[in-house]
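The structure file start.tsv is reproduced below (TSV, C-alpha atoms and all ligand atoms).
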```
chain	number	residue	atom	x	y	z
J	1	MET	CA	-5.64	8.99	-31.22
J	2	THR	CA	-6.86	9.12	-27.65
J	3	SER	CA	-4.28	8.07	-25.12
J	4	PHE	CA	-4.97	6.73	-21.63
J	5	ILE	CA	-3.17	6.18	-18.32
J	6	ASP	CA	-3.88	3.34	-15.88
J	7	THR	CA	-3.00	4.97	-12.57
J	8	HIS	CA	-3.54	1.85	-10.48
J	9	CYS	CA	-2.81	-1.71	-11.50
J	10	HIS	CA	-1.10	-4.70	-9.93
J	11	LEU	CA	1.00	-6.06	-12.79
J	12	ASP	CA	2.36	-8.85	-10.57
J	13	LYS	CA	-1.12	-10.24	-9.95
J	14	LEU	CA	-2.64	-10.38	-13.45
J	15	ALA	CA	-3.99	-13.51	-15.11
J	16	LEU	CA	-2.06	-12.39	-18.22
J	17	SER	CA	1.70	-12.60	-18.51
J	18	LEU	CA	3.49	-9.27	-18.17
J	19	PRO	CA	4.46	-9.12	-21.89
J	20	ASP	CA	0.87	-9.91	-22.94
J	21	ALA	CA	-0.56	-7.33	-20.54
J	22	LEU	CA	1.81	-4.62	-21.82
J	23	THR	CA	1.09	-5.52	-25.45
J	24	GLN	CA	-2.67	-5.43	-24.93
J	25	ALA	CA	-2.46	-2.18	-22.99
J	26	LYS	CA	-0.52	-0.58	-25.82
J	27	ALA	CA	-3.04	-1.84	-28.38
J	28	ALA	CA	-5.78	-0.18	-26.29
J	29	GLN	CA	-3.83	3.12	-26.21
J	30	VAL	CA	-3.10	2.74	-22.51
J	31	ASN	CA	0.34	4.30	-22.76
J	32	LYS	CA	1.33	4.75	-19.13
J	33	LEU	CA	0.80	2.31	-16.27
J	34	LEU	CA	1.39	2.75	-12.58
J	35	THR	CA	1.96	-0.59	-10.88
J	36	ILE	CA	1.15	-0.51	-7.19
J	37	SER	CA	2.78	-2.50	-4.45
J	38	VAL	CA	1.19	-3.95	-1.32
J	39	ASP	CA	4.04	-5.79	0.41
J	40	SER	CA	7.82	-6.19	0.33
J	41	GLU	CA	7.75	-8.64	-2.58
J	42	SER	CA	5.60	-6.41	-4.77
J	43	ILE	CA	7.77	-3.39	-3.88
J	44	SER	CA	10.71	-5.22	-5.48
J	45	PHE	CA	8.54	-6.23	-8.43
J	46	ALA	CA	7.27	-2.68	-8.99
J	47	ALA	CA	10.76	-1.20	-8.87
J	48	GLU	CA	12.19	-3.80	-11.23
J	49	THR	CA	9.30	-3.66	-13.70
J	50	ALA	CA	9.31	0.14	-13.78
J	51	ALA	CA	13.07	0.10	-14.38
J	52	ASN	CA	12.74	-2.32	-17.30
J	53	HIS	CA	9.71	-0.89	-19.13
J	54	GLU	CA	9.52	2.69	-20.26
J	55	GLU	CA	5.73	2.89	-19.97
J	56	VAL	CA	5.62	1.46	-16.44
J	57	TYR	CA	5.98	3.52	-13.25
J	58	GLY	CA	5.95	2.29	-9.68
J	59	ALA	CA	4.31	3.12	-6.34
J	60	LEU	CA	5.98	1.64	-3.27
J	61	GLY	CA	4.16	0.89	-0.04
J	62	ILE	CA	2.40	-1.52	2.28
J	63	HIS	CA	-1.34	-2.17	1.93
J	64	PRO	CA	-3.55	-1.77	5.03
J	65	HIS	CA	-4.28	-5.52	4.83
J	66	ASP	CA	-0.55	-6.12	5.30
J	67	ALA	CA	0.02	-3.25	7.73
J	68	GLY	CA	1.58	-5.66	10.24
J	69	GLN	CA	4.50	-6.08	7.83
J	70	TYR	CA	5.49	-2.42	7.94
J	71	ASN	CA	8.79	-1.91	9.76
J	72	ASP	CA	12.14	-0.13	9.45
J	73	THR	CA	13.45	-2.68	6.95
J	74	ILE	CA	10.54	-1.95	4.60
J	75	ALA	CA	10.99	1.79	5.08
J	76	GLU	CA	14.67	1.38	4.15
J	77	GLN	CA	13.71	-0.71	1.11
J	78	ILE	CA	11.41	2.08	-0.08
J	79	ARG	CA	13.99	4.82	0.66
J	80	GLY	CA	16.59	2.93	-1.32
J	81	LEU	CA	14.40	2.86	-4.44
J	82	ALA	CA	12.49	6.12	-4.18
J	83	ASN	CA	15.07	8.36	-5.83
J	84	ARG	CA	14.59	6.58	-9.17
J	85	THR	CA	12.66	8.78	-11.59
J	86	GLU	CA	10.18	6.00	-12.43
J	87	ILE	CA	9.14	5.68	-8.77
J	88	VAL	CA	6.39	8.25	-8.45
J	89	ALA	CA	4.38	7.57	-5.26
J	90	VAL	CA	4.16	5.93	-1.86
J	91	GLY	CA	1.37	3.35	-1.66
J	92	GLU	CA	-0.92	1.82	-1.57
J	93	THR	CA	-1.40	2.69	2.07
J	94	GLY	CA	-4.35	3.72	4.20
J	95	LEU	CA	-7.06	2.18	6.34
J	96	ASP	CA	-9.45	-0.68	5.59
J	97	TYR	CA	-11.98	-1.33	8.35
J	98	HIS	CA	-14.13	-3.49	6.05
J	99	TYR	CA	-11.90	-6.55	6.00
J	100	MET	CA	-9.89	-5.64	9.11
J	101	TYR	CA	-7.05	-8.06	8.22
J	102	ALA	CA	-4.86	-5.98	10.55
J	103	GLU	CA	-6.01	-4.33	13.77
J	104	LYS	CA	-7.02	-0.68	13.60
J	105	GLU	CA	-4.04	0.49	15.66
J	106	VAL	CA	-1.61	-1.46	13.47
J	107	GLN	CA	-3.16	0.01	10.31
J	108	GLN	CA	-3.04	3.53	11.72
J	109	ALA	CA	0.61	3.19	12.69
J	110	ALA	CA	1.64	1.90	9.25
J	111	PHE	CA	-0.41	4.58	7.50
J	112	THR	CA	1.06	7.35	9.66
J	113	ALA	CA	4.59	6.12	9.03
J	114	GLN	CA	3.99	6.04	5.27
J	115	LEU	CA	2.46	9.53	5.27
J	116	GLN	CA	5.64	10.75	6.96
J	117	LEU	CA	7.79	8.76	4.55
J	118	ALA	CA	5.99	10.32	1.58
J	119	GLU	CA	6.69	13.75	3.01
J	120	GLU	CA	10.34	12.91	3.59
J	121	LEU	CA	10.68	11.57	0.03
J	122	GLN	CA	8.50	14.34	-1.45
J	123	LEU	CA	6.21	11.84	-3.17
J	124	PRO	CA	2.40	11.78	-3.41
J	125	ILE	CA	0.29	9.10	-1.70
J	126	VAL	CA	-1.78	6.33	-3.30
J	127	LEU	CA	-4.49	5.94	-0.68
J	128	HIS	CA	-6.65	2.89	0.03
J	129	SER	CA	-9.49	3.83	2.37
J	130	ARG	CA	-12.53	1.68	3.02
J	131	GLU	CA	-15.14	2.17	5.73
J	132	ALA	CA	-12.64	4.35	7.59
J	133	GLU	CA	-13.52	7.86	6.44
J	134	ASP	CA	-13.15	9.80	9.68
J	135	ASP	CA	-9.86	8.21	10.73
J	136	THR	CA	-8.46	8.59	7.20
J	137	ILE	CA	-9.29	12.30	7.01
J	138	GLU	CA	-8.00	12.86	10.53
J	139	LEU	CA	-4.61	11.34	9.71
J	140	LEU	CA	-4.41	13.20	6.40
J	141	HIS	CA	-4.98	16.45	8.27
J	142	LYS	CA	-2.46	15.53	10.94
J	143	TYR	CA	0.29	14.43	8.52
J	144	PRO	CA	-0.57	16.16	5.24
J	145	PRO	CA	1.75	15.01	2.46
J	146	SER	CA	2.64	18.20	0.60
J	147	ARG	CA	2.65	16.41	-2.77
J	148	GLY	CA	-0.97	15.35	-2.13
J	149	GLY	CA	-2.38	12.09	-3.37
J	150	VAL	CA	-5.17	10.05	-4.89
J	151	ALA	CA	-7.97	8.22	-3.12
J	152	HIS	CA	-7.76	5.12	-5.28
J	153	SER	CA	-10.93	3.15	-6.07
J	154	PHE	CA	-12.96	5.92	-4.54
J	155	THR	CA	-16.31	4.65	-3.22
J	156	SER	CA	-16.69	6.77	-0.09
J	157	SER	CA	-19.32	9.41	0.66
J	158	ALA	CA	-19.93	12.71	-1.11
J	159	LYS	CA	-18.75	14.35	2.10
J	160	MET	CA	-15.37	12.63	1.88
J	161	ALA	CA	-15.13	13.47	-1.83
J	162	HIS	CA	-15.55	17.14	-0.96
J	163	GLN	CA	-13.02	16.97	1.87
J	164	LEU	CA	-10.45	15.38	-0.45
J	165	VAL	CA	-11.08	17.86	-3.24
J	166	GLU	CA	-10.70	20.69	-0.76
J	167	MET	CA	-7.29	19.28	0.16
J	168	GLY	CA	-6.37	19.22	-3.54
J	169	TRP	CA	-6.52	15.44	-3.75
J	170	LEU	CA	-7.65	13.35	-6.73
J	171	LEU	CA	-10.19	10.51	-6.83
J	172	GLY	CA	-9.40	7.31	-8.75
J	173	VAL	CA	-12.29	5.90	-10.81
J	174	ASN	CA	-12.37	2.26	-11.95
J	175	GLY	CA	-14.79	-0.44	-13.11
J	176	ILE	CA	-16.97	-0.02	-10.02
J	177	VAL	CA	-18.49	3.05	-11.69
J	178	THR	CA	-20.12	0.71	-14.26
J	179	PHE	CA	-21.73	-1.54	-11.64
J	180	ARG	CA	-25.50	-1.47	-11.37
J	181	ASN	CA	-25.41	-0.84	-7.60
J	182	ALA	CA	-23.01	2.13	-7.84
J	183	GLN	CA	-25.60	4.86	-8.37
J	184	GLU	CA	-24.54	6.76	-5.25
J	185	LEU	CA	-20.93	6.79	-6.46
J	186	ARG	CA	-22.02	7.99	-9.90
J	187	ASP	CA	-24.02	10.82	-8.31
J	188	THR	CA	-21.02	11.79	-6.18
J	189	LEU	CA	-18.67	11.81	-9.17
J	190	LYS	CA	-20.98	14.24	-10.97
J	191	GLN	CA	-20.32	16.75	-8.20
J	192	VAL	CA	-16.52	16.40	-8.39
J	193	PRO	CA	-14.67	18.78	-10.74
J	194	LEU	CA	-13.12	16.87	-13.66
J	195	SER	CA	-9.78	18.38	-12.59
J	196	HIS	CA	-9.87	15.98	-9.59
J	197	LEU	CA	-10.55	12.67	-11.36
J	198	ILE	CA	-8.14	10.06	-12.71
J	199	LEU	CA	-8.69	6.62	-14.26
J	200	GLU	CA	-7.51	3.24	-13.00
J	201	THR	CA	-8.32	-0.45	-13.45
J	202	ASP	CA	-7.13	-1.81	-10.09
J	203	SER	CA	-6.47	-4.89	-12.22
J	204	PRO	CA	-6.68	-7.84	-11.74
J	205	PHE	CA	-9.68	-6.75	-9.67
J	206	LEU	CA	-12.88	-4.86	-10.49
J	207	SER	CA	-13.38	-5.60	-14.18
J	208	PRO	CA	-15.95	-3.20	-15.62
J	209	ILE	CA	-19.25	-4.44	-17.00
J	210	PRO	CA	-19.56	-6.48	-19.27
J	211	HIS	CA	-16.50	-8.29	-17.87
J	212	ARG	CA	-17.49	-8.05	-14.20
J	213	GLY	CA	-16.21	-11.04	-12.19
J	214	LYS	CA	-13.48	-11.88	-14.72
J	215	PRO	CA	-9.80	-11.01	-14.25
J	216	ASN	CA	-9.13	-7.39	-15.15
J	217	ASP	CA	-6.10	-5.95	-16.95
J	218	PRO	CA	-4.94	-2.45	-17.94
J	219	SER	CA	-6.35	-2.70	-21.49
J	220	ARG	CA	-9.82	-2.16	-20.02
J	221	ILE	CA	-9.20	1.49	-19.15
J	222	PRO	CA	-11.05	2.64	-22.30
J	223	ILE	CA	-14.20	0.83	-21.10
J	224	VAL	CA	-14.12	2.77	-17.83
J	225	ALA	CA	-13.30	5.99	-19.70
J	226	SER	CA	-16.12	5.55	-22.18
J	227	PHE	CA	-18.66	4.81	-19.44
J	228	LEU	CA	-17.58	7.79	-17.32
J	229	ALA	CA	-17.53	10.15	-20.31
J	230	ASP	CA	-21.12	9.13	-21.16
J	231	TRP	CA	-22.18	9.59	-17.55
J	232	LEU	CA	-20.56	13.03	-17.32
J	233	GLU	CA	-21.87	13.89	-20.81
J	234	ILE	CA	-18.51	14.90	-22.22
J	235	PRO	CA	-16.54	13.52	-25.18
J	236	ILE	CA	-14.22	10.65	-24.28
J	237	GLU	CA	-11.33	12.59	-25.83
J	238	GLN	CA	-11.89	15.39	-23.32
J	239	LEU	CA	-12.18	12.96	-20.41
J	240	ALA	CA	-8.96	11.21	-21.43
J	241	ALA	CA	-7.05	14.45	-21.98
J	242	GLU	CA	-8.10	16.02	-18.68
J	243	THR	CA	-7.65	12.91	-16.54
J	244	ASN	CA	-4.21	12.36	-18.14
J	245	GLU	CA	-3.31	15.93	-17.27
J	246	ASN	CA	-4.44	15.38	-13.67
J	247	ALA	CA	-2.41	12.18	-13.38
J	248	GLN	CA	0.61	13.96	-14.84
J	249	ARG	CA	0.21	16.80	-12.36
J	250	LEU	CA	0.07	14.41	-9.40
J	251	PHE	CA	2.70	11.86	-10.38
J	252	ALA	CA	5.03	14.02	-12.52
J	253	PHE	CA	5.74	11.11	-14.90
J	254	SER	CA	9.04	11.77	-16.66
P	1	ZN	ZN	-4.76	-1.73	-5.43
```

Would you mind giving the structure from this file in structure tokens?
Ligand SMILES: [Zn+2]
Amino acid sequence: MTSFIDTHCHLDKLALSLPDALTQAKAAQVNKLLTISVDSESISFAAETAANHEEVYGALGIHPHDAGQYNDTIAEQIRGLANRTEIVAVGETGLDYHYMYAEKEVQQAAFTAQLQLAEELQLPIVLHSREAEDDTIELLHKYPPSRGGVAHSFTSSAKMAHQLVEMGWLLGVNGIVTFRNAQELRDTLKQVPLSHLILETDSPFLSPIPHRGKPNDPSRIPIVASFLADWLEIPIEQLAAETNENAQRLFAFS
């Protein structure tokens, strides 16, 4: 039976209850889930949920939208939890110049601090980058986390895809790949070696077609996988096996 990993979900924000989400994920053969935090509250949630559920792992960080929250207290909170084996990444962190909920300088400072924290903790990065390609790449070159990372919900240019692949980074693919207007993304993904792709839902956001606009949950990974496998003209079993291997390589799930 094909097994899947959801490398990016927000289990604290789903329309489903946590038990229902985990049950449905299991029924869909989604056997590992990485719940991502965005603020102090979700850092606590991710750590607690990962501690209590064998199939759940946690990423700890402050989202660019909430970059203004990042401070020494948060850094200490992350440090205090990061030595747990089920905590596998720092994030999501990065730059988002589309919404600009925090000023550029504030976002850059929080991103820089988390890149340095990831290096200190020897964890990979879960990156959120939107309409901020040049500044993102510049900071990644300036403070390269040696464990690498994933550009989650990748929708940037082919140029950025190549830069990330060159750095050994992975690209996270979710329901956006099924959207009618995502042809450029699909073309870019065809140029990326399969060894650099992983699957995610970003649930509760970004439900794949035919559920677009409805709340997403981790059980929809197989829809994304099946679509991407068709697009890349490979068997879904191969796509699942290779993307699982990539996720395992990056996050070292124990
Ligand atoms: Zn996210």

Residue neighbourhood stretch 161-164 of chain J, 12 Å, all atoms listed in the file, exclusion window fewer than 3 positions, as a ChimeraX atom specification: /J:127,129,133-134,136-138,140-141,144,148-158,167-172,185-193,196-197

Take the residues from that selection and write them out as a PDB file, keeping the file's coordinate frame, keeping C-alpha atoms.
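Produced file selection-v2.pdb, reproduced below:
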```
ATOM      1  CA  LEU J 127      -4.490   5.940  -0.680  1.00  0.00           C
ATOM      2  CA  SER J 129      -9.490   3.830   2.370  1.00  0.00           C
ATOM      3  CA  GLU J 133     -13.520   7.860   6.440  1.00  0.00           C
ATOM      4  CA  ASP J 134     -13.150   9.800   9.680  1.00  0.00           C
ATOM      5  CA  THR J 136      -8.460   8.590   7.200  1.00  0.00           C
ATOM      6  CA  ILE J 137      -9.290  12.300   7.010  1.00  0.00           C
ATOM      7  CA  GLU J 138      -8.000  12.860  10.530  1.00  0.00           C
ATOM      8  CA  LEU J 140      -4.410  13.200   6.400  1.00  0.00           C
ATOM      9  CA  HIS J 141      -4.980  16.450   8.270  1.00  0.00           C
ATOM     10  CA  PRO J 144      -0.570  16.160   5.240  1.00  0.00           C
ATOM     11  CA  GLY J 148      -0.970  15.350  -2.130  1.00  0.00           C
ATOM     12  CA  GLY J 149      -2.380  12.090  -3.370  1.00  0.00           C
ATOM     13  CA  VAL J 150      -5.170  10.050  -4.890  1.00  0.00           C
ATOM     14  CA  ALA J 151      -7.970   8.220  -3.120  1.00  0.00           C
ATOM     15  CA  HIS J 152      -7.760   5.120  -5.280  1.00  0.00           C
ATOM     16  CA  SER J 153     -10.930   3.150  -6.070  1.00  0.00           C
ATOM     17  CA  PHE J 154     -12.960   5.920  -4.540  1.00  0.00           C
ATOM     18  CA  THR J 155     -16.310   4.650  -3.220  1.00  0.00           C
ATOM     19  CA  SER J 156     -16.690   6.770  -0.090  1.00  0.00           C
ATOM     20  CA  SER J 157     -19.320   9.410   0.660  1.00  0.00           C
ATOM     21  CA  ALA J 158     -19.930  12.710  -1.110  1.00  0.00           C
ATOM     22  CA  MET J 167      -7.290  19.280   0.160  1.00  0.00           C
ATOM     23  CA  GLY J 168      -6.370  19.220  -3.540  1.00  0.00           C
ATOM     24  CA  TRP J 169      -6.520  15.440  -3.750  1.00  0.00           C
ATOM     25  CA  LEU J 170      -7.650  13.350  -6.730  1.00  0.00           C
ATOM     26  CA  LEU J 171     -10.190  10.510  -6.830  1.00  0.00           C
ATOM     27  CA  GLY J 172      -9.400   7.310  -8.750  1.00  0.00           C
ATOM     28  CA  LEU J 185     -20.930   6.790  -6.460  1.00  0.00           C
ATOM     29  CA  ARG J 186     -22.020   7.990  -9.900  1.00  0.00           C
ATOM     30  CA  ASP J 187     -24.020  10.820  -8.310  1.00  0.00           C
ATOM     31  CA  THR J 188     -21.020  11.790  -6.180  1.00  0.00           C
ATOM     32  CA  LEU J 189     -18.670  11.810  -9.170  1.00  0.00           C
ATOM     33  CA  LYS J 190     -20.980  14.240 -10.970  1.00  0.00           C
ATOM     34  CA  GLN J 191     -20.320  16.750  -8.200  1.00  0.00           C
ATOM     35  CA  VAL J 192     -16.520  16.400  -8.390  1.00  0.00           C
ATOM     36  CA  PRO J 193     -14.670  18.780 -10.740  1.00  0.00           C
ATOM     37  CA  HIS J 196      -9.870  15.980  -9.590  1.00  0.00           C
ATOM     38  CA  LEU J 197     -10.550  12.670 -11.360  1.00  0.00           C
TER      39      LEU J 197
END
```

With all atoms listed in the file counted and 8 Å as the cut-off, give the residues of chain J in contact with ligand ZN 1 (chain P), each with its shortest interatomic distance in Å and the pair that gives it, as JSON lines.
```
{"residue": "J:His8", "atom": "CA", "partner": "P:ZN1", "partner_atom": "ZN", "distance": 6.3}
{"residue": "J:Cys9", "atom": "CA", "partner": "P:ZN1", "partner_atom": "ZN", "distance": 6.4}
{"residue": "J:His10", "atom": "CA", "partner": "P:ZN1", "partner_atom": "ZN", "distance": 6.5}
{"residue": "J:Ile36", "atom": "CA", "partner": "P:ZN1", "partner_atom": "ZN", "distance": 6.3}
{"residue": "J:Ser37", "atom": "CA", "partner": "P:ZN1", "partner_atom": "ZN", "distance": 7.6}
{"residue": "J:Val38", "atom": "CA", "partner": "P:ZN1", "partner_atom": "ZN", "distance": 7.6}
{"residue": "J:Glu92", "atom": "CA", "partner": "P:ZN1", "partner_atom": "ZN", "distance": 6.5}
{"residue": "J:His128", "atom": "CA", "partner": "P:ZN1", "partner_atom": "ZN", "distance": 7.4}
{"residue": "J:His152", "atom": "CA", "partner": "P:ZN1", "partner_atom": "ZN", "distance": 7.5}
{"residue": "J:Ser153", "atom": "CA", "partner": "P:ZN1", "partner_atom": "ZN", "distance": 7.9}
{"residue": "J:Asp202", "atom": "CA", "partner": "P:ZN1", "partner_atom": "ZN", "distance": 5.2}
{"residue": "J:Ser203", "atom": "CA", "partner": "P:ZN1", "partner_atom": "ZN", "distance": 7.7}
```

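For the pair atom CA of J:Thr23 and atom CA of J:Arg212, the separation is 21.9 Å.
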
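The gap separating atom CA of J:Lys32 from atom CA of J:Ala15 is 19.4 Å, in Å to one decimal.
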
Stretch 41-54 of chain J surroundings by only C-alpha atoms, 10 Å radius, close-in-sequence under 5 positions cut, as number ranges by chain: J: 10-13, 18, 22, 31-36, 59-62, 74, 77-78, 81-82, 84-87, 91, 254

Atomic distance atom CA of J:Val165 - atom CA of J:Gln122, expressed in Å with one decimal: 20.0 Å

Spatial neighbours of J:Leu115, 8 Å, all atoms listed in the file, chain gap at least 4 places, as a count of residues only: 7

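Selection around (-1.8, -7.7, 5.3) with radius 9 Å, counting only C-alpha atoms, yields the residues Val38, Asp39, Ile62, His63, Pro64, His65, Asp66, Ala67, Gly68, Gln69, Tyr101 and Ala102 of chain J.
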
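If you count all atoms listed in the file and draw a sphere of 10 Å around (1.2, 5.4, -27.5), the protein and nucleic acid residues inside it come out as Met1, Thr2, Ser3, Phe4, Ala25, Lys26, Ala27, Ala28, Gln29, Val30, Asn31, Lys32 and Glu55 of chain J.
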
Output file for the selection above: C-alpha atoms, as a PDB file, keeping the file's coordinate frame:
```pdb
ATOM      1  CA  MET J   1      -5.640   8.990 -31.220  1.00  0.00           C
ATOM      2  CA  THR J   2      -6.860   9.120 -27.650  1.00  0.00           C
ATOM      3  CA  SER J   3      -4.280   8.070 -25.120  1.00  0.00           C
ATOM      4  CA  PHE J   4      -4.970   6.730 -21.630  1.00  0.00           C
ATOM      5  CA  ALA J  25      -2.460  -2.180 -22.990  1.00  0.00           C
ATOM      6  CA  LYS J  26      -0.520  -0.580 -25.820  1.00  0.00           C
ATOM      7  CA  ALA J  27      -3.040  -1.840 -28.380  1.00  0.00           C
ATOM      8  CA  ALA J  28      -5.780  -0.180 -26.290  1.00  0.00           C
ATOM      9  CA  GLN J  29      -3.830   3.120 -26.210  1.00  0.00           C
ATOM     10  CA  VAL J  30      -3.100   2.740 -22.510  1.00  0.00           C
ATOM     11  CA  ASN J  31       0.340   4.300 -22.760  1.00  0.00           C
ATOM     12  CA  LYS J  32       1.330   4.750 -19.130  1.00  0.00           C
ATOM     13  CA  GLU J  55       5.730   2.890 -19.970  1.00  0.00           C
TER      14      GLU J  55
END
```

Using only C-alpha atoms: which of J:Ile5, J:Arg79, J:Thr178, J:Glu233 has the shortest distance to J:Ile209: J:Thr178

Neighbour list for J:Pro208 as a PyMOL selection string, cut-off 9 Å, only C-alpha atoms, skip fewer than 3 positions in-chain: chain J and resi 174-179+201+211-213+216+220-221+223-224

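Counting all atoms listed in the file and comparing J:Pro19, J:Pro222, J:Gly58, J:Gly94, the residue that lies closest to J:Leu123 is J:Gly58.
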
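Nearest-residue note for J:Gln248: choosing from J:Gln107, J:Thr93, J:Ser219, J:Ser195, the minimum distance belongs to J:Ser195, counting only C-alpha atoms.
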
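Counting all atoms listed in the file and comparing J:Glu120, J:Gln183, J:Ala110, J:Leu250, the residue that lies closest to J:Trp231 is J:Gln183.
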
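Closest approach to J:Gln108 among J:Asp96, J:Asp6, J:Glu166, J:Glu184 is made by J:Asp96 (distances from all atoms listed in the file).
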
Model the absent atoms of stretch 238-252 of chain J so that N, CA and C atoms are present, and write the result as a short mmCIF file (atom, residue, chain, number, x, y, z; two decimals), in the coordinates of the input.
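part-v8.cif was written with the following content:
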```
data_model
loop_
_atom_site.label_atom_id
_atom_site.label_comp_id
_atom_site.auth_asym_id
_atom_site.auth_seq_id
_atom_site.Cartn_x
_atom_site.Cartn_y
_atom_site.Cartn_z
N GLN J 238 -12.06 14.37 -24.36
CA GLN J 238 -11.89 15.39 -23.32
C GLN J 238 -11.62 14.72 -21.97
N LEU J 239 -12.38 13.66 -21.68
CA LEU J 239 -12.18 12.96 -20.41
C LEU J 239 -10.76 12.42 -20.33
N ALA J 240 -10.31 11.79 -21.42
CA ALA J 240 -8.96 11.21 -21.43
C ALA J 240 -7.92 12.30 -21.27
N ALA J 241 -8.06 13.38 -22.02
CA ALA J 241 -7.05 14.45 -21.98
C ALA J 241 -6.97 15.07 -20.59
N GLU J 242 -8.13 15.34 -19.99
CA GLU J 242 -8.10 16.02 -18.68
C GLU J 242 -7.63 15.08 -17.58
N THR J 243 -8.10 13.82 -17.60
CA THR J 243 -7.65 12.91 -16.54
C THR J 243 -6.15 12.60 -16.70
N ASN J 244 -5.67 12.54 -17.94
CA ASN J 244 -4.21 12.36 -18.14
C ASN J 244 -3.44 13.53 -17.55
N GLU J 245 -3.96 14.73 -17.79
CA GLU J 245 -3.31 15.93 -17.27
C GLU J 245 -3.27 15.91 -15.74
N ASN J 246 -4.38 15.46 -15.14
CA ASN J 246 -4.44 15.38 -13.67
C ASN J 246 -3.42 14.38 -13.13
N ALA J 247 -3.35 13.22 -13.81
CA ALA J 247 -2.41 12.18 -13.38
C ALA J 247 -0.98 12.69 -13.52
N GLN J 248 -0.73 13.40 -14.61
CA GLN J 248 0.61 13.96 -14.84
C GLN J 248 0.97 14.97 -13.75
N ARG J 249 -0.01 15.78 -13.41
CA ARG J 249 0.21 16.80 -12.36
C ARG J 249 0.56 16.15 -11.03
N LEU J 250 -0.16 15.07 -10.70
CA LEU J 250 0.07 14.41 -9.40
C LEU J 250 1.39 13.63 -9.40
N PHE J 251 1.59 12.81 -10.42
CA PHE J 251 2.70 11.86 -10.38
C PHE J 251 3.96 12.36 -11.07
N ALA J 252 3.86 13.44 -11.83
CA ALA J 252 5.03 14.02 -12.52
C ALA J 252 5.81 12.95 -13.28
#
```
